Structure formats: C-alpha cells, structure tokens
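Colleague: Take this structure, written in structure tokens, and hold onto it; I'll ask about it next.
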Amino acid sequence: MSTTNRQIRLASRPVGLPTDENWTLTEEPVGEPGDGEILVRISHISLDPAMRGWMNEGRSYIAPVAIGDVMRAGTVGEVVASHHDAFPVGSHVVGALGVQEYAISDGQGLTRVDPSLAALPTYLGVLGMTGMTAYFGLFTEGRPQEGDTVVVSGAAGAVGSVVGQIAKLKGCRTVGIAGGEDKCRLLIEEFGYDAAIDYKAADVPKALRELAPKIDVYFDNVGGEILDAALARLNLGARVVICGAISQYNATEAVAGPANYLSLLVNRASMKGMVVFDYADRYAEAAKEMAGWLAEGTLVAREDVVDGGVPAFPDALLRLFRGENTGKLVLAV
C-alpha cells in the first residue's frame, strides 16, 4: 500500500469549460482510520456531467464544492484497513469519496458491493447512480406505457444508453439522439433503439417529425435546441423529464431556455426536473431489478474506462463535454 495519497482539489471556479488552472494536484500522507472508521483504496472514479454544476457557486440541489476541497465524485474501492464491523478488510464499497487515491470514512453513505457479481466500474454505471437516474427518471417521472414513443437525448451517454434499453424492456418504441455515425450505430446495434438521429449531421426537427411525430416521453440530457425540437412534437399528455442539460453547462452567457414551452399547454403535457438523490430510500429496489436484467443479458452495461489515475482527472472530465465517451465514463485509479 502506498504511503502517499494524491488528490485533485478545486482551485478556482471555472468560467466556461474547466481548465488546468481550476485544479490543484496535492499529496498528503495516507491517514490511519480511527475507531468506527475505515480506509478505502479507491480503484475507480465516476466522471459525470453534474460535476460541472458542483463547481459553481450558487443555489442548487447540493452545496457547491468549496475552493480547496477534494473534488466531489462517486467512487468504488477496497477496504484496506478497518475499525468498523460492517466493512471488514477486503470488502469493496461504493460511495462519494472524491477524486483521490485513498479516503477515510465512518461508513456513512457507503454501500458494500460484490466484485464477483459485476465488474467494479459497473457499480458506478448501470448498478450505480447512472442506473438509478435512468430507472427513476424514466419509470417514476416519465411513466411510460407499453407502445409509447420514448425519445432520449444524449442517448449514447451513461444515462441515455440505459434509458433506451429499459424503455424497450417495457414495450416502448425508442428513438435516440446522439452525435456521430458511430454512436448512432451503437444505439441501434448495442442499446436496441428502434431509430437514431445524428444531431451533428441531421436536421433534428425534421428527423423527429419523421421518426417521432408524437412523443409520449421525452428524456432530456442536453437541453438547448434539441429540447426545443422535442417540445414541438409532444403527444397529448406527454411527459418531459429534465435530467440534465450538458449543452448549457459551460455557457458563459445566460442559459438558453425553451422557446416551445407553450406546447406543454396545448398538449396538456408536463415537464419535470429529477435529481436521483430524491430516491435514495428506493435504490435497493431499482438495483435488484437492474441486476436481474444484467444477469439475464437483456440489459447491456457499457463502461468507457480511462487510464492515468488521479492526475488524469482534469482532461478525462473534458471528454464528457467533447462528446468522446460512449456509455459510462470512469477513471481507473
């Protein structure tokens, strides 16, 4: 075990895309856990678009990361020292331990996981917050019915790739929006979407008019012009789930709001934001069903794992905003 713990700390709040100047790589001795505490050696770090929002000062669903603090992140790792009966040495845990190589915890917010049942990165993806977001966003807020048309933006990303699959499992017709031929091919061939729209090459409003003229559920991960195009195609009583808006996260001007919002009135539709933490008391329920689908082979888990360890975090995070990842983006420590 190393005696040094490397960490990425927030040095300043970014304007637009984060740059190297917004981060500090620090080193400190690996600490010793006290009574009721454990020491976790982190093996994988979750990279999520939401991280960009956590870097901003201001009111949100969670407090911003403070300047000088270790960057907040979901992680999975192995317990290497323990004074806690529930987390013996050798067990594996998932939780928000931050962008660092080691972390001391009292166990609050940590969940034991079994690496023999799924690869560790999967517990940050389909069996982690990504899967929980897709599950509760679609089923609790989107409320799809068999035969519904479900349209998903950011469909090749961590959440979108899962939303499309589980909507199909419930008998829906699915249309995914993603960037590039390769991603659109994956939507059809790997994630089982019925149709795909390449927003980089296609006229999205026209493509939606042809492929999804009446949208029952729109699951939005990108915001902006694509959200507007989907609002124009809502069916009567449609449900719009606002999960994210990655196209707006690095904007240096005011966030672009929807121009076609009156479609909600005309079609008696609803649009609601969702934050996965609101469903924490039901995670076990969702994880059980998702694990069952994985075991059956009816749900595909795809992780895009980046090597390089903690020092590679700043550039690895930017892969999200450059659209370079497919499925769940994870940093290997």
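Following the order of the structure tokens, chains are lettered A, B, ..., residues in each are numbered from 1, and ligands are numbered from 1.
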So that I can check the secondary structure, give me every residue of segment 235-306 of chain A assigned helix (DSSP H, G or I) by backbone DSSP, as a ChimeraX atom specification.
Modeller: /A:262-266,276-296
Colleague: Any chance you can output those residues with C-alpha atoms as an mmCIF file, in the first residue's frame?
Modeller:
```
data_model
loop_
_atom_site.group_PDB
_atom_site.id
_atom_site.type_symbol
_atom_site.label_atom_id
_atom_site.label_comp_id
_atom_site.auth_asym_id
_atom_site.auth_seq_id
_atom_site.Cartn_x
_atom_site.Cartn_y
_atom_site.Cartn_z
ATOM 1 C CA LEU A 262 -46.411 26.516 -24.912
ATOM 2 C CA SER A 263 -46.536 23.006 -26.372
ATOM 3 C CA LEU A 264 -46.910 21.891 -22.738
ATOM 4 C CA LEU A 265 -50.138 23.882 -22.522
ATOM 5 C CA VAL A 266 -51.546 22.870 -25.912
ATOM 6 C CA VAL A 276 -31.551 10.939 -8.319
ATOM 7 C CA PHE A 277 -30.795 11.631 -4.632
ATOM 8 C CA ASP A 278 -34.540 12.109 -4.047
ATOM 9 C CA TYR A 279 -34.994 8.353 -4.500
ATOM 10 C CA ALA A 280 -32.256 7.179 -2.123
ATOM 11 C CA ASP A 281 -34.658 5.147 0.011
ATOM 12 C CA ARG A 282 -35.613 3.104 -3.087
ATOM 13 C CA TYR A 283 -32.169 2.387 -4.558
ATOM 14 C CA ALA A 284 -32.241 -1.243 -3.429
ATOM 15 C CA GLU A 285 -35.499 -1.825 -5.273
ATOM 16 C CA ALA A 286 -34.096 -0.463 -8.524
ATOM 17 C CA ALA A 287 -30.707 -2.171 -8.157
ATOM 18 C CA LYS A 288 -32.395 -5.558 -7.709
ATOM 19 C CA GLU A 289 -34.370 -5.205 -10.941
ATOM 20 C CA MET A 290 -31.424 -3.796 -12.886
ATOM 21 C CA ALA A 291 -29.143 -6.596 -11.645
ATOM 22 C CA GLY A 292 -31.743 -9.123 -12.775
ATOM 23 C CA TRP A 293 -31.800 -7.685 -16.278
ATOM 24 C CA LEU A 294 -27.997 -7.701 -16.380
ATOM 25 C CA ALA A 295 -27.889 -11.342 -15.324
ATOM 26 C CA GLU A 296 -30.459 -12.248 -17.989
#
```
Colleague: Compile the contact shell of segment 14-22 of chain A as an mmCIF file with N, CA, C and O atoms, in the first residue's frame: residues with an atom at most 7 Å away, counting only C-alpha atoms, same-chain residues fewer than 3 positions apart removed.
Modeller:
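Final output, saved to part_22.cif:
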```
data_model
loop_
_atom_site.group_PDB
_atom_site.id
_atom_site.type_symbol
_atom_site.label_atom_id
_atom_site.label_comp_id
_atom_site.auth_asym_id
_atom_site.auth_seq_id
_atom_site.Cartn_x
_atom_site.Cartn_y
_atom_site.Cartn_z
ATOM 1 N N LEU A 10 -10.312 21.522 -5.963
ATOM 2 C CA LEU A 10 -10.815 22.645 -6.742
ATOM 3 C C LEU A 10 -10.054 23.913 -6.350
ATOM 4 O O LEU A 10 -10.127 24.356 -5.202
ATOM 5 N N ALA A 11 -9.329 24.485 -7.303
ATOM 6 C CA ALA A 11 -8.507 25.665 -7.023
ATOM 7 C C ALA A 11 -9.250 26.964 -7.281
ATOM 8 O O ALA A 11 -8.999 27.975 -6.619
ATOM 9 N N ASN A 250 -21.428 24.713 -19.738
ATOM 10 C CA ASN A 250 -20.234 25.546 -19.844
ATOM 11 C C ASN A 250 -20.510 26.881 -20.531
ATOM 12 O O ASN A 250 -19.584 27.574 -20.945
ATOM 13 N N ALA A 251 -21.800 27.243 -20.628
ATOM 14 C CA ALA A 251 -22.169 28.503 -21.262
ATOM 15 C C ALA A 251 -21.632 29.680 -20.445
ATOM 16 O O ALA A 251 -21.672 29.668 -19.217
ATOM 17 N N THR A 252 -21.120 30.674 -21.143
ATOM 18 C CA THR A 252 -20.632 31.879 -20.465
ATOM 19 C C THR A 252 -21.673 32.995 -20.491
ATOM 20 O O THR A 252 -21.468 34.044 -19.896
ATOM 21 N N PRO A 314 -8.418 15.957 -14.760
ATOM 22 C CA PRO A 314 -8.871 17.171 -15.456
ATOM 23 C C PRO A 314 -9.181 16.957 -16.932
ATOM 24 O O PRO A 314 -10.208 17.425 -17.441
#
```
Colleague: Leaving out Pro205 of chain A and any residue of its chain fewer than 5 positions from it, which residues lie within 12 Å of it when counting only C-alpha atoms, given as a list of chain:residue names?
Modeller: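 Once the adjacent positions are removed, what remains is A:Ile177, A:Ile197, A:Asp198, A:Tyr199, A:Glu210, A:Leu211, A:Ala212, A:Pro213, A:Glu225, A:Ile226, A:Leu227, A:Asp228, A:Ala229, A:Ala230, A:Leu231, A:Ala232, A:Arg233.
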Colleague: Restricted to all heavy atoms, what would the selected residues look like written as a CSV table (one decimal), in the first residue's frame?
Modeller:
```csv
chain,number,residue,atom,x,y,z
A,177,ILE,N,-31.1,10.2,-29.7
A,177,ILE,CA,-30.4,11.3,-30.4
A,177,ILE,C,-29.0,11.4,-29.8
A,177,ILE,O,-28.8,11.4,-28.6
A,177,ILE,CB,-31.1,12.7,-30.1
A,177,ILE,CG1,-32.6,12.7,-30.5
A,177,ILE,CG2,-30.4,13.8,-30.8
A,177,ILE,CD1,-33.4,13.9,-30.1
A,197,ILE,N,-31.0,9.4,-34.3
A,197,ILE,CA,-30.8,10.7,-35.0
A,197,ILE,C,-29.4,11.2,-34.7
A,197,ILE,O,-29.1,11.4,-33.5
A,197,ILE,CB,-31.9,11.7,-34.6
A,197,ILE,CG1,-33.3,11.2,-35.0
A,197,ILE,CG2,-31.6,13.1,-35.2
A,197,ILE,CD1,-34.4,12.0,-34.4
A,198,ASP,N,-28.6,11.5,-35.7
A,198,ASP,CA,-27.3,12.1,-35.6
A,198,ASP,C,-27.5,13.6,-35.6
A,198,ASP,O,-27.6,14.2,-36.7
A,198,ASP,CB,-26.4,11.6,-36.7
A,198,ASP,CG,-25.0,12.2,-36.6
A,198,ASP,OD1,-24.7,13.0,-35.7
A,198,ASP,OD2,-24.2,11.9,-37.5
A,199,TYR,N,-27.4,14.2,-34.4
A,199,TYR,CA,-27.7,15.7,-34.4
A,199,TYR,C,-26.6,16.5,-35.0
A,199,TYR,O,-26.8,17.7,-35.4
A,199,TYR,CB,-27.9,16.1,-32.9
A,199,TYR,CG,-26.6,16.2,-32.1
A,199,TYR,CD1,-25.7,17.3,-32.1
A,199,TYR,CD2,-26.3,15.2,-31.2
A,199,TYR,CE1,-24.6,17.4,-31.4
A,199,TYR,CE2,-25.1,15.2,-30.4
A,199,TYR,CZ,-24.3,16.3,-30.5
A,199,TYR,OH,-23.2,16.4,-29.8
A,210,GLU,N,-40.3,13.0,-38.7
A,210,GLU,CA,-40.4,11.7,-39.5
A,210,GLU,C,-40.4,10.5,-38.6
A,210,GLU,O,-41.1,9.5,-38.8
A,210,GLU,CB,-39.2,11.6,-40.5
A,210,GLU,CG,-39.3,12.7,-41.6
A,210,GLU,CD,-38.0,12.7,-42.4
A,210,GLU,OE1,-37.1,12.0,-42.1
A,210,GLU,OE2,-38.0,13.5,-43.4
A,211,LEU,N,-39.5,10.5,-37.5
A,211,LEU,CA,-39.3,9.3,-36.7
A,211,LEU,C,-40.1,9.3,-35.4
A,211,LEU,O,-40.4,8.2,-34.9
A,211,LEU,CB,-37.8,9.2,-36.4
A,211,LEU,CG,-36.9,9.0,-37.6
A,211,LEU,CD1,-35.4,9.0,-37.1
A,211,LEU,CD2,-37.1,7.6,-38.2
A,212,ALA,N,-40.5,10.4,-34.9
A,212,ALA,CA,-41.2,10.5,-33.7
A,212,ALA,C,-42.2,11.7,-33.7
A,212,ALA,O,-42.1,12.7,-33.0
A,212,ALA,CB,-40.3,10.7,-32.5
A,213,PRO,N,-43.2,11.6,-34.6
A,213,PRO,CA,-44.1,12.8,-34.8
A,213,PRO,C,-45.0,13.0,-33.5
A,213,PRO,O,-45.4,14.2,-33.3
A,213,PRO,CB,-45.0,12.4,-36.0
A,213,PRO,CG,-44.9,10.9,-36.0
A,213,PRO,CD,-43.5,10.5,-35.6
A,225,GLU,N,-31.3,23.6,-28.1
A,225,GLU,CA,-32.1,23.5,-29.3
A,225,GLU,C,-32.8,22.1,-29.4
A,225,GLU,O,-33.9,22.0,-30.0
A,225,GLU,CB,-31.2,23.7,-30.5
A,225,GLU,CG,-30.7,25.1,-30.6
A,225,GLU,CD,-29.8,25.4,-31.8
A,225,GLU,OE1,-29.5,24.4,-32.5
A,225,GLU,OE2,-29.4,26.5,-32.0
A,226,ILE,N,-32.1,21.1,-28.9
A,226,ILE,CA,-32.7,19.7,-29.1
A,226,ILE,C,-33.9,19.6,-28.2
A,226,ILE,O,-35.0,19.0,-28.6
A,226,ILE,CB,-31.7,18.6,-28.8
A,226,ILE,CG1,-30.6,18.6,-29.9
A,226,ILE,CG2,-32.3,17.3,-28.6
A,226,ILE,CD1,-29.5,17.7,-29.7
A,227,LEU,N,-33.9,20.2,-27.0
A,227,LEU,CA,-35.1,20.2,-26.1
A,227,LEU,C,-36.2,20.9,-26.8
A,227,LEU,O,-37.4,20.5,-26.8
A,227,LEU,CB,-34.8,20.9,-24.8
A,227,LEU,CG,-36.0,21.3,-23.9
A,227,LEU,CD1,-36.8,20.0,-23.5
A,227,LEU,CD2,-35.5,22.0,-22.7
A,228,ASP,N,-35.9,22.1,-27.5
A,228,ASP,CA,-36.9,22.8,-28.2
A,228,ASP,C,-37.6,22.0,-29.3
A,228,ASP,O,-38.8,22.0,-29.5
A,228,ASP,CB,-36.4,24.1,-28.8
A,228,ASP,CG,-36.9,25.3,-28.1
A,228,ASP,OD1,-37.9,25.2,-27.4
A,228,ASP,OD2,-36.2,26.3,-28.1
A,229,ALA,N,-36.7,21.2,-30.0
A,229,ALA,CA,-37.2,20.4,-31.1
A,229,ALA,C,-38.2,19.3,-30.6
A,229,ALA,O,-39.2,19.0,-31.2
A,229,ALA,CB,-36.1,19.8,-31.9
A,230,ALA,N,-37.8,18.7,-29.5
A,230,ALA,CA,-38.7,17.7,-28.9
A,230,ALA,C,-40.0,18.3,-28.4
A,230,ALA,O,-41.1,17.6,-28.6
A,230,ALA,CB,-37.9,17.0,-27.8
A,231,LEU,N,-40.0,19.4,-27.8
A,231,LEU,CA,-41.2,20.0,-27.3
A,231,LEU,C,-42.2,20.3,-28.4
A,231,LEU,O,-43.4,20.2,-28.2
A,231,LEU,CB,-40.9,21.4,-26.6
A,231,LEU,CG,-40.2,21.3,-25.2
A,231,LEU,CD1,-39.9,22.7,-24.7
A,231,LEU,CD2,-41.0,20.5,-24.2
A,232,ALA,N,-41.7,20.5,-29.6
A,232,ALA,CA,-42.6,20.7,-30.7
A,232,ALA,C,-43.3,19.5,-31.2
A,232,ALA,O,-44.3,19.6,-32.0
A,232,ALA,CB,-41.8,21.3,-31.9
A,233,ARG,N,-42.9,18.3,-30.7
A,233,ARG,CA,-43.5,17.1,-31.2
A,233,ARG,C,-44.2,16.3,-30.1
A,233,ARG,O,-44.5,15.1,-30.2
A,233,ARG,CB,-42.4,16.2,-31.8
A,233,ARG,CG,-41.6,16.9,-32.9
A,233,ARG,CD,-41.9,16.3,-34.3
A,233,ARG,NE,-43.3,16.4,-34.6
A,233,ARG,CZ,-43.9,17.4,-35.3
A,233,ARG,NH1,-43.2,18.5,-35.6
A,233,ARG,NH2,-45.2,17.3,-35.6
```
Colleague: Please give the complete set of residues from segment 67-246 of chain A that DSSP, run on the backbone, assigns to strand (DSSP E or B), formatted as a PyMOL selection string.
Modeller: chain A and resi 70+75-82+92-95+100+102-105+111-113+149-153+157+173-178+195-198+215-220+234-242
Colleague: Could you dump the residues just selected with N, CA and C atoms as a compact mmCIF listing (two decimals), in the first residue's frame?
Modeller:
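File result07.txt, as written:
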```txt
# COMPACT_ATOMS: atom_id res chain seq x y z
N VAL A 70 -11.24 18.56 -1.84
CA VAL A 70 -11.12 17.47 -2.80
C VAL A 70 -12.39 17.46 -3.65
N THR A 75 -17.23 6.97 -6.23
CA THR A 75 -16.06 6.11 -6.30
C THR A 75 -16.42 4.69 -5.91
N VAL A 76 -15.55 3.77 -6.29
CA VAL A 76 -15.62 2.40 -5.79
C VAL A 76 -14.20 2.00 -5.42
N GLY A 77 -14.07 1.21 -4.35
CA GLY A 77 -12.74 0.83 -3.91
C GLY A 77 -12.77 -0.30 -2.89
N GLU A 78 -11.57 -0.64 -2.40
CA GLU A 78 -11.40 -1.77 -1.47
C GLU A 78 -11.02 -1.25 -0.08
N VAL A 79 -11.61 -1.84 0.93
CA VAL A 79 -11.26 -1.51 2.31
C VAL A 79 -9.92 -2.16 2.64
N VAL A 80 -8.92 -1.33 2.99
CA VAL A 80 -7.58 -1.85 3.26
C VAL A 80 -7.20 -1.76 4.74
N ALA A 81 -7.99 -1.05 5.52
CA ALA A 81 -7.82 -1.02 6.98
C ALA A 81 -9.19 -0.71 7.57
N SER A 82 -9.52 -1.35 8.69
CA SER A 82 -10.88 -1.19 9.20
C SER A 82 -10.95 -1.29 10.72
N HIS A 92 -15.47 -4.48 -0.61
CA HIS A 92 -15.49 -3.41 -1.59
C HIS A 92 -16.71 -2.53 -1.34
N VAL A 93 -16.51 -1.22 -1.53
CA VAL A 93 -17.59 -0.28 -1.22
C VAL A 93 -17.71 0.74 -2.35
N VAL A 94 -18.92 1.28 -2.48
CA VAL A 94 -19.18 2.36 -3.42
C VAL A 94 -19.75 3.54 -2.65
N GLY A 95 -19.34 4.75 -3.02
CA GLY A 95 -19.82 5.95 -2.34
C GLY A 95 -19.06 7.17 -2.83
N GLN A 100 -9.48 11.10 -5.37
CA GLN A 100 -8.26 10.84 -4.63
C GLN A 100 -7.99 9.34 -4.64
N TYR A 102 -6.96 7.47 -1.83
CA TYR A 102 -7.38 6.85 -0.57
C TYR A 102 -8.36 7.79 0.13
N ALA A 103 -9.23 7.21 0.94
CA ALA A 103 -10.16 8.01 1.72
C ALA A 103 -10.48 7.31 3.03
N ILE A 104 -10.59 8.10 4.09
CA ILE A 104 -11.04 7.60 5.38
C ILE A 104 -12.51 7.94 5.53
N SER A 105 -13.30 6.98 6.00
CA SER A 105 -14.74 7.17 6.12
C SER A 105 -15.27 6.48 7.37
N THR A 111 -21.88 1.77 0.49
CA THR A 111 -22.60 0.51 0.29
C THR A 111 -21.60 -0.56 -0.12
N ARG A 112 -21.67 -1.72 0.51
CA ARG A 112 -20.81 -2.83 0.10
C ARG A 112 -21.30 -3.40 -1.22
N VAL A 113 -20.35 -3.77 -2.08
CA VAL A 113 -20.67 -4.37 -3.37
C VAL A 113 -19.83 -5.62 -3.56
N THR A 149 -44.01 6.11 -27.46
CA THR A 149 -42.78 6.52 -28.12
C THR A 149 -41.94 7.31 -27.11
N VAL A 150 -40.74 6.81 -26.84
CA VAL A 150 -39.83 7.43 -25.88
C VAL A 150 -38.63 7.95 -26.67
N VAL A 151 -38.38 9.25 -26.56
CA VAL A 151 -37.24 9.88 -27.23
C VAL A 151 -36.23 10.30 -26.16
N VAL A 152 -34.96 10.00 -26.41
CA VAL A 152 -33.90 10.26 -25.43
C VAL A 152 -32.79 11.07 -26.10
N SER A 153 -32.42 12.19 -25.50
CA SER A 153 -31.24 12.93 -25.98
C SER A 153 -30.02 12.49 -25.17
N GLY A 157 -24.87 8.27 -24.06
CA GLY A 157 -24.15 8.55 -22.82
C GLY A 157 -24.51 7.59 -21.71
N ARG A 173 -41.48 2.08 -27.96
CA ARG A 173 -40.69 2.37 -29.15
C ARG A 173 -39.71 3.47 -28.79
N THR A 174 -38.43 3.29 -29.13
CA THR A 174 -37.40 4.22 -28.66
C THR A 174 -36.67 4.88 -29.83
N VAL A 175 -36.44 6.18 -29.67
CA VAL A 175 -35.68 6.96 -30.63
C VAL A 175 -34.60 7.70 -29.86
N GLY A 176 -33.35 7.48 -30.25
CA GLY A 176 -32.23 8.11 -29.55
C GLY A 176 -31.58 9.19 -30.39
N ILE A 177 -31.13 10.24 -29.71
CA ILE A 177 -30.42 11.34 -30.37
C ILE A 177 -28.99 11.35 -29.83
N ALA A 178 -28.02 11.28 -30.74
CA ALA A 178 -26.61 11.24 -30.34
C ALA A 178 -25.77 11.90 -31.43
N ALA A 195 -34.67 3.62 -33.55
CA ALA A 195 -34.21 4.59 -34.53
C ALA A 195 -33.22 5.52 -33.85
N ALA A 196 -32.34 6.13 -34.65
CA ALA A 196 -31.33 7.03 -34.12
C ALA A 196 -31.24 8.27 -34.98
N ILE A 197 -30.97 9.41 -34.35
CA ILE A 197 -30.81 10.68 -35.04
C ILE A 197 -29.43 11.24 -34.71
N ASP A 198 -28.65 11.51 -35.75
CA ASP A 198 -27.33 12.10 -35.57
C ASP A 198 -27.48 13.62 -35.59
N ILE A 215 -44.44 12.36 -29.51
CA ILE A 215 -43.59 11.87 -28.43
C ILE A 215 -44.41 11.75 -27.15
N ASP A 216 -44.40 10.57 -26.55
CA ASP A 216 -45.11 10.35 -25.28
C ASP A 216 -44.21 10.67 -24.08
N VAL A 217 -42.94 10.27 -24.17
CA VAL A 217 -41.98 10.56 -23.11
C VAL A 217 -40.72 11.11 -23.77
N TYR A 218 -40.30 12.28 -23.33
CA TYR A 218 -39.02 12.82 -23.79
C TYR A 218 -38.09 12.91 -22.59
N PHE A 219 -36.97 12.19 -22.64
CA PHE A 219 -35.98 12.15 -21.56
C PHE A 219 -34.81 13.00 -22.00
N ASP A 220 -34.64 14.16 -21.36
CA ASP A 220 -33.68 15.14 -21.83
C ASP A 220 -32.41 15.17 -21.00
N LEU A 234 -44.63 16.94 -29.02
CA LEU A 234 -45.26 16.25 -27.89
C LEU A 234 -46.66 15.74 -28.25
N ASN A 235 -46.96 14.56 -27.74
CA ASN A 235 -48.30 13.99 -27.85
C ASN A 235 -49.17 14.54 -26.72
N LEU A 236 -50.45 14.33 -26.82
CA LEU A 236 -51.37 14.74 -25.77
C LEU A 236 -51.01 14.02 -24.47
N GLY A 237 -50.81 14.76 -23.40
CA GLY A 237 -50.48 14.16 -22.11
C GLY A 237 -49.05 13.69 -21.98
N ALA A 238 -48.15 14.17 -22.84
CA ALA A 238 -46.75 13.73 -22.82
C ALA A 238 -46.06 14.13 -21.51
N ARG A 239 -45.00 13.40 -21.19
CA ARG A 239 -44.19 13.69 -20.01
C ARG A 239 -42.76 13.99 -20.45
N VAL A 240 -42.24 15.15 -20.04
CA VAL A 240 -40.87 15.55 -20.35
C VAL A 240 -40.07 15.47 -19.05
N VAL A 241 -39.00 14.68 -19.07
CA VAL A 241 -38.15 14.51 -17.89
C VAL A 241 -36.85 15.29 -18.11
N ILE A 242 -36.60 16.27 -17.27
CA ILE A 242 -35.38 17.06 -17.37
C ILE A 242 -34.34 16.45 -16.42
```
Colleague: Near segment 317-321 of chain A, counting only C-alpha atoms, which residues have an atom at most 12 Å away, once you skip same-chain residues fewer than 6 positions from it, shown as a ChimeraX atom specification?
Modeller: /A:16-20,23,45-52,71,73,99,154,156-158,179,222,245-251,304-306,310-311,327-331
Colleague: Separation of atom CA of Leu187 of chain A and atom CA of Asp148 of chain A, in Å?
Modeller: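 We find that atom CA of Leu187 of chain A and atom CA of Asp148 of chain A lie 18.3 Å from each other.
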Colleague: Looking at only C-alpha atoms, which of A:Ile188, A:Ala301, A:Ala316, A:Cys243 is the one that sits closest to Ala118 of chain A?
Modeller: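 Closest candidate: A:Ala301.
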Colleague: Using only C-alpha atoms for the distances, tell me which of A:Asp194, A:Gly74, A:Thr130, A:Tyr61 is nearest to Gly109 of chain A.
Modeller: A:Gly74
